[in-house]
Amino acid sequence: MTLSHYLALSGIIFSIGLFGVLTRRNVIGILMSIELMLNAANINFVAFNRFLYPGQYLGQVTVIFIITLAAAEIVVGLALIMAIYKNLKSVHVENYNILKG
Amino acid sequence: MTEQIVFYLLASVVILAALGVVLLPGLMHSALSLGLCLAGVAGVFALLGSDFVFAAQVLVYVGGIAVLILFVVMLAGNVSDQLARQINQQWLPSLLICVTFVWSFLRITAYFSGITAQSAPKPAVRELAGLLLGDYAVPFELVSVVLLASMTGAVLFGRRKAE
């Protein structure tokens with residue numbers, strides 16, 4: 001197994017997540033696609049750490065920080081989605097247009 | 001040889017589950033597929049020899065975030081959402097953008113094609129603890145502040161309005 005296999009896997013997952021973010025109508029689906037993109041980035045960090053810097057662990061430390069911040073982000077995001085859903089009674093993003101200024 | 005078999009099995013599981021997250025019409029199936037995909041990514045971490053990241057991925061993502069998303073899927077949404085179309089009208093340009101991304105990523109990874117691992121992976125928990133409590137103690141504490149802020153924010157957004 002070479003580094004390029006892991007990078008290709010991560011690139012494919014990232015692109016699938018990007019497709020979900022661009023096309024999903026459901027806001028929870030968009031949030032799940034963002035999680036896919038974050039996981040693709042994590043695979044990249046760990047793979048570079050393993051193959052290019054074998055004796056160091058900075059990539060894994062970064063991944064731990066990313067996992068923590070992703071958990072914080074998803075908690076706030078889901079709380080916001082529930083608050084918006086209580087007001088608008090819809091989970092589709094094209095209905096989230098009351099902030100027109 | 002075993003590593004290649006495990007890698008291709010994990011990669012196919014992860015990619016199929018990721019496609020399921022994006023393409024399945026039912027959001028419940030999509031969330032379950034997300035759990036499978038995150039578990040597969042944890043397997044990739046284990047294959048890369050990073051034991052603590054594997055454990056953290058299983059604990060936080062598969063055990064925490066996937067379950068949280070399942071709860072919100074069950075709480076939010078109407079029954080009629082199952083019948084509505086799940087993707088918007090811009091799927092063709094989005095597909096072109098994503099195909100371009102995949103193509104360029106595969107081109108870039110060709111630069112790293114000859115690199116293999118020099119040594120077997122070692123357990124990393126001791127070194128990670130040394131880094132997190134030594135050189136990176138300040139970001140480590142800042143992250144706990146961020147977690148506290150996000151918890152407070154979630155309670156604030158999620159509470160019922162006072163009458």
# chains A, B, ... in the order shown; residues from 1 in each chain; ligands from 1
call {"tool": "interface_residues", "arguments": {"of": "chain B", "to": "chain A", "cutoff": "6 Å", "atoms": "only C-alpha atoms", "output": "list in words"}}
result
Val22, Gly77, Gln86, Ile87, Asn88, Trp91, Cys98, Val102, Phe105, Leu106, Thr109, Phe112, Ser113, Ile115, Thr116, Ala117, Leu147, Ser150, Ala154, Phe157 and Gly158 of chain B
call {"tool": "write_last_selection", "arguments": {"atoms": "N, CA, C and O atoms", "output": "mmCIF file, in the first residue's frame"}}
result
data_model
loop_
_atom_site.group_PDB
_atom_site.id
_atom_site.type_symbol
_atom_site.label_atom_id
_atom_site.label_comp_id
_atom_site.auth_asym_id
_atom_site.auth_seq_id
_atom_site.Cartn_x
_atom_site.Cartn_y
_atom_site.Cartn_z
ATOM 1 N N VAL B 22 -25.166 10.230 0.548
ATOM 2 C CA VAL B 22 -25.512 11.331 -0.333
ATOM 3 C C VAL B 22 -26.755 11.011 -1.172
ATOM 4 O O VAL B 22 -27.587 11.874 -1.417
ATOM 5 N N GLY B 77 -38.595 17.036 10.824
ATOM 6 C CA GLY B 77 -39.072 16.539 9.538
ATOM 7 C C GLY B 77 -40.528 16.121 9.581
ATOM 8 O O GLY B 77 -41.026 15.672 10.609
ATOM 9 N N GLN B 86 -35.252 14.694 -3.153
ATOM 10 C CA GLN B 86 -34.225 14.939 -2.148
ATOM 11 C C GLN B 86 -33.068 15.770 -2.669
ATOM 12 O O GLN B 86 -32.282 16.274 -1.884
ATOM 13 N N ILE B 87 -32.912 15.896 -3.975
ATOM 14 C CA ILE B 87 -31.803 16.703 -4.483
ATOM 15 C C ILE B 87 -32.383 17.848 -5.294
ATOM 16 O O ILE B 87 -33.482 17.755 -5.847
ATOM 17 N N ASN B 88 -31.631 18.954 -5.357
ATOM 18 C CA ASN B 88 -32.161 20.142 -6.010
ATOM 19 C C ASN B 88 -31.899 20.099 -7.509
ATOM 20 O O ASN B 88 -31.404 19.106 -8.043
ATOM 21 N N TRP B 91 -28.132 19.503 -9.832
ATOM 22 C CA TRP B 91 -27.324 18.295 -9.638
ATOM 23 C C TRP B 91 -26.351 18.079 -10.770
ATOM 24 O O TRP B 91 -25.261 17.551 -10.560
ATOM 25 N N CYS B 98 -17.850 17.824 -9.051
ATOM 26 C CA CYS B 98 -17.283 16.745 -8.239
ATOM 27 C C CYS B 98 -16.430 15.801 -9.082
ATOM 28 O O CYS B 98 -15.403 15.306 -8.608
ATOM 29 N N VAL B 102 -12.580 14.889 -8.373
ATOM 30 C CA VAL B 102 -12.031 13.532 -8.289
ATOM 31 C C VAL B 102 -10.879 13.375 -9.256
ATOM 32 O O VAL B 102 -9.805 12.849 -8.910
ATOM 33 N N PHE B 105 -7.865 15.300 -7.957
ATOM 34 C CA PHE B 105 -7.281 14.609 -6.806
ATOM 35 C C PHE B 105 -6.483 13.393 -7.249
ATOM 36 O O PHE B 105 -5.376 13.149 -6.764
ATOM 37 N N LEU B 106 -7.033 12.638 -8.212
ATOM 38 C CA LEU B 106 -6.317 11.443 -8.656
ATOM 39 C C LEU B 106 -5.039 11.823 -9.381
ATOM 40 O O LEU B 106 -4.015 11.141 -9.272
ATOM 41 N N THR B 109 -2.521 12.720 -6.622
ATOM 42 C CA THR B 109 -1.991 11.583 -5.859
ATOM 43 C C THR B 109 -0.945 10.808 -6.649
ATOM 44 O O THR B 109 -0.196 10.044 -6.057
ATOM 45 N N PHE B 112 2.568 10.974 -5.342
ATOM 46 C CA PHE B 112 2.938 10.234 -4.140
ATOM 47 C C PHE B 112 2.876 8.734 -4.355
ATOM 48 O O PHE B 112 2.763 7.980 -3.404
ATOM 49 N N SER B 113 2.945 8.295 -5.609
ATOM 50 C CA SER B 113 2.621 6.886 -5.864
ATOM 51 C C SER B 113 3.710 5.944 -5.373
ATOM 52 O O SER B 113 3.447 4.815 -5.043
ATOM 53 N N ILE B 115 5.618 6.083 -2.656
ATOM 54 C CA ILE B 115 6.002 6.155 -1.242
ATOM 55 C C ILE B 115 5.339 5.027 -0.462
ATOM 56 O O ILE B 115 4.121 4.913 -0.427
ATOM 57 N N THR B 116 6.155 4.195 0.153
ATOM 58 C CA THR B 116 5.620 3.155 1.029
ATOM 59 C C THR B 116 6.111 3.414 2.443
ATOM 60 O O THR B 116 7.021 4.197 2.668
ATOM 61 N N ALA B 117 5.468 2.720 3.402
ATOM 62 C CA ALA B 117 5.852 2.907 4.804
ATOM 63 C C ALA B 117 7.182 2.223 5.065
ATOM 64 O O ALA B 117 7.407 1.093 4.632
ATOM 65 N N LEU B 147 -15.456 23.482 23.635
ATOM 66 C CA LEU B 147 -16.483 22.476 23.939
ATOM 67 C C LEU B 147 -17.503 23.029 24.922
ATOM 68 O O LEU B 147 -18.716 22.827 24.766
ATOM 69 N N SER B 150 -19.741 25.437 23.070
ATOM 70 C CA SER B 150 -20.710 24.792 22.185
ATOM 71 C C SER B 150 -21.807 24.112 22.994
ATOM 72 O O SER B 150 -22.977 24.113 22.596
ATOM 73 N N ALA B 154 -25.648 25.020 22.589
ATOM 74 C CA ALA B 154 -26.667 24.024 22.258
ATOM 75 C C ALA B 154 -27.830 24.099 23.233
ATOM 76 O O ALA B 154 -29.004 24.034 22.846
ATOM 77 N N PHE B 157 -29.812 27.342 22.353
ATOM 78 C CA PHE B 157 -30.647 27.249 21.157
ATOM 79 C C PHE B 157 -31.763 26.230 21.327
ATOM 80 O O PHE B 157 -32.812 26.346 20.723
ATOM 81 N N GLY B 158 -31.498 25.211 22.136
ATOM 82 C CA GLY B 158 -32.463 24.127 22.197
ATOM 83 C C GLY B 158 -33.572 24.319 23.204
ATOM 84 O O GLY B 158 -34.558 23.602 23.159
#
call {"tool": "select_by_dssp", "arguments": {"residues": "chain A", "states": "helix (DSSP H, G or I)", "output": "ChimeraX atom specification"}}
result
/A:3-23,27-52,58-88,93-95
call {"tool": "decode", "arguments": {"residues": "region 40-72 of chain B", "atoms": "N, CA, C and O atoms", "output": "compact mmCIF listing (two decimals), in the first residue's frame"}}
result
# COMPACT_ATOMS: atom_id res chain seq x y z
N GLY B 40 -16.10 2.63 8.93
CA GLY B 40 -15.10 2.23 7.94
C GLY B 40 -13.88 3.13 7.97
O GLY B 40 -12.75 2.66 7.84
N VAL B 41 -14.11 4.44 8.18
CA VAL B 41 -12.98 5.36 8.29
C VAL B 41 -12.15 5.03 9.53
O VAL B 41 -10.92 5.10 9.51
N ALA B 42 -12.83 4.62 10.61
CA ALA B 42 -12.09 4.17 11.80
C ALA B 42 -11.23 2.96 11.45
O ALA B 42 -10.08 2.86 11.91
N GLY B 43 -11.75 2.06 10.61
CA GLY B 43 -10.95 0.92 10.17
C GLY B 43 -9.74 1.36 9.37
O GLY B 43 -8.65 0.79 9.51
N VAL B 44 -9.90 2.40 8.54
CA VAL B 44 -8.76 2.93 7.79
C VAL B 44 -7.70 3.48 8.74
O VAL B 44 -6.50 3.26 8.54
N PHE B 45 -8.15 4.16 9.80
CA PHE B 45 -7.19 4.65 10.79
C PHE B 45 -6.45 3.49 11.44
O PHE B 45 -5.23 3.57 11.67
N ALA B 46 -7.17 2.42 11.76
CA ALA B 46 -6.51 1.27 12.37
C ALA B 46 -5.50 0.66 11.40
O ALA B 46 -4.40 0.26 11.78
N LEU B 47 -5.86 0.63 10.11
CA LEU B 47 -4.94 0.09 9.10
C LEU B 47 -3.69 0.95 8.98
O LEU B 47 -2.61 0.45 8.70
N LEU B 48 -3.86 2.26 9.21
CA LEU B 48 -2.71 3.16 9.16
C LEU B 48 -1.90 3.12 10.45
O LEU B 48 -0.91 3.84 10.57
N GLY B 49 -2.33 2.35 11.43
CA GLY B 49 -1.53 2.17 12.63
C GLY B 49 -1.67 3.26 13.67
O GLY B 49 -0.84 3.35 14.56
N SER B 50 -2.70 4.11 13.57
CA SER B 50 -2.87 5.13 14.60
C SER B 50 -3.97 4.69 15.54
O SER B 50 -5.15 4.89 15.28
N ASP B 51 -3.53 4.08 16.66
CA ASP B 51 -4.48 3.40 17.53
C ASP B 51 -5.38 4.36 18.28
O ASP B 51 -6.58 4.14 18.40
N PHE B 52 -4.79 5.47 18.77
CA PHE B 52 -5.62 6.37 19.59
C PHE B 52 -6.65 7.09 18.74
O PHE B 52 -7.79 7.30 19.17
N VAL B 53 -6.27 7.45 17.51
CA VAL B 53 -7.22 8.12 16.63
C VAL B 53 -8.36 7.17 16.27
O VAL B 53 -9.53 7.57 16.18
N PHE B 54 -8.02 5.89 16.09
CA PHE B 54 -9.06 4.88 15.85
C PHE B 54 -10.05 4.84 16.99
O PHE B 54 -11.28 4.88 16.78
N ALA B 55 -9.53 4.79 18.24
CA ALA B 55 -10.42 4.73 19.39
C ALA B 55 -11.26 6.00 19.50
O ALA B 55 -12.47 5.94 19.77
N ALA B 56 -10.64 7.15 19.26
CA ALA B 56 -11.37 8.41 19.35
C ALA B 56 -12.44 8.49 18.28
O ALA B 56 -13.55 8.96 18.53
N GLN B 57 -12.12 8.00 17.08
CA GLN B 57 -13.11 8.01 15.99
C GLN B 57 -14.33 7.15 16.36
O GLN B 57 -15.47 7.57 16.19
N VAL B 58 -14.07 5.94 16.89
CA VAL B 58 -15.19 5.07 17.26
C VAL B 58 -16.00 5.70 18.37
O VAL B 58 -17.24 5.72 18.32
N LEU B 59 -15.30 6.26 19.38
CA LEU B 59 -16.04 6.82 20.52
C LEU B 59 -16.84 8.05 20.11
O LEU B 59 -18.04 8.14 20.39
N VAL B 60 -16.18 9.00 19.45
CA VAL B 60 -16.82 10.30 19.21
C VAL B 60 -17.76 10.24 18.02
O VAL B 60 -18.93 10.62 18.10
N TYR B 61 -17.26 9.72 16.89
CA TYR B 61 -18.09 9.75 15.68
C TYR B 61 -19.17 8.68 15.69
O TYR B 61 -20.36 8.98 15.62
N VAL B 62 -18.75 7.41 15.78
CA VAL B 62 -19.74 6.34 15.66
C VAL B 62 -20.64 6.31 16.89
O VAL B 62 -21.85 6.13 16.80
N GLY B 63 -20.03 6.52 18.09
CA GLY B 63 -20.84 6.43 19.29
C GLY B 63 -21.58 7.70 19.62
O GLY B 63 -22.62 7.66 20.27
N GLY B 64 -21.07 8.86 19.20
CA GLY B 64 -21.68 10.11 19.58
C GLY B 64 -22.43 10.80 18.47
O GLY B 64 -23.64 10.97 18.52
N ILE B 65 -21.69 11.18 17.42
CA ILE B 65 -22.26 12.04 16.40
C ILE B 65 -23.33 11.31 15.59
O ILE B 65 -24.40 11.85 15.31
N ALA B 66 -23.05 10.04 15.23
CA ALA B 66 -24.04 9.30 14.43
C ALA B 66 -25.34 9.13 15.20
O ALA B 66 -26.43 9.29 14.64
N VAL B 67 -25.22 8.83 16.51
CA VAL B 67 -26.43 8.67 17.31
C VAL B 67 -27.18 9.99 17.44
O VAL B 67 -28.41 10.05 17.35
N LEU B 68 -26.42 11.08 17.62
CA LEU B 68 -27.04 12.41 17.73
C LEU B 68 -27.81 12.76 16.45
O LEU B 68 -28.94 13.24 16.49
N ILE B 69 -27.18 12.48 15.29
CA ILE B 69 -27.83 12.77 14.02
C ILE B 69 -29.09 11.91 13.86
O ILE B 69 -30.14 12.39 13.40
N LEU B 70 -29.01 10.64 14.31
CA LEU B 70 -30.21 9.78 14.25
C LEU B 70 -31.34 10.37 15.07
O LEU B 70 -32.50 10.38 14.63
N PHE B 71 -31.01 10.89 16.26
CA PHE B 71 -32.06 11.50 17.10
C PHE B 71 -32.69 12.68 16.38
O PHE B 71 -33.91 12.83 16.36
N VAL B 72 -31.86 13.55 15.79
CA VAL B 72 -32.42 14.74 15.14
C VAL B 72 -33.23 14.35 13.91
O VAL B 72 -34.26 14.96 13.63
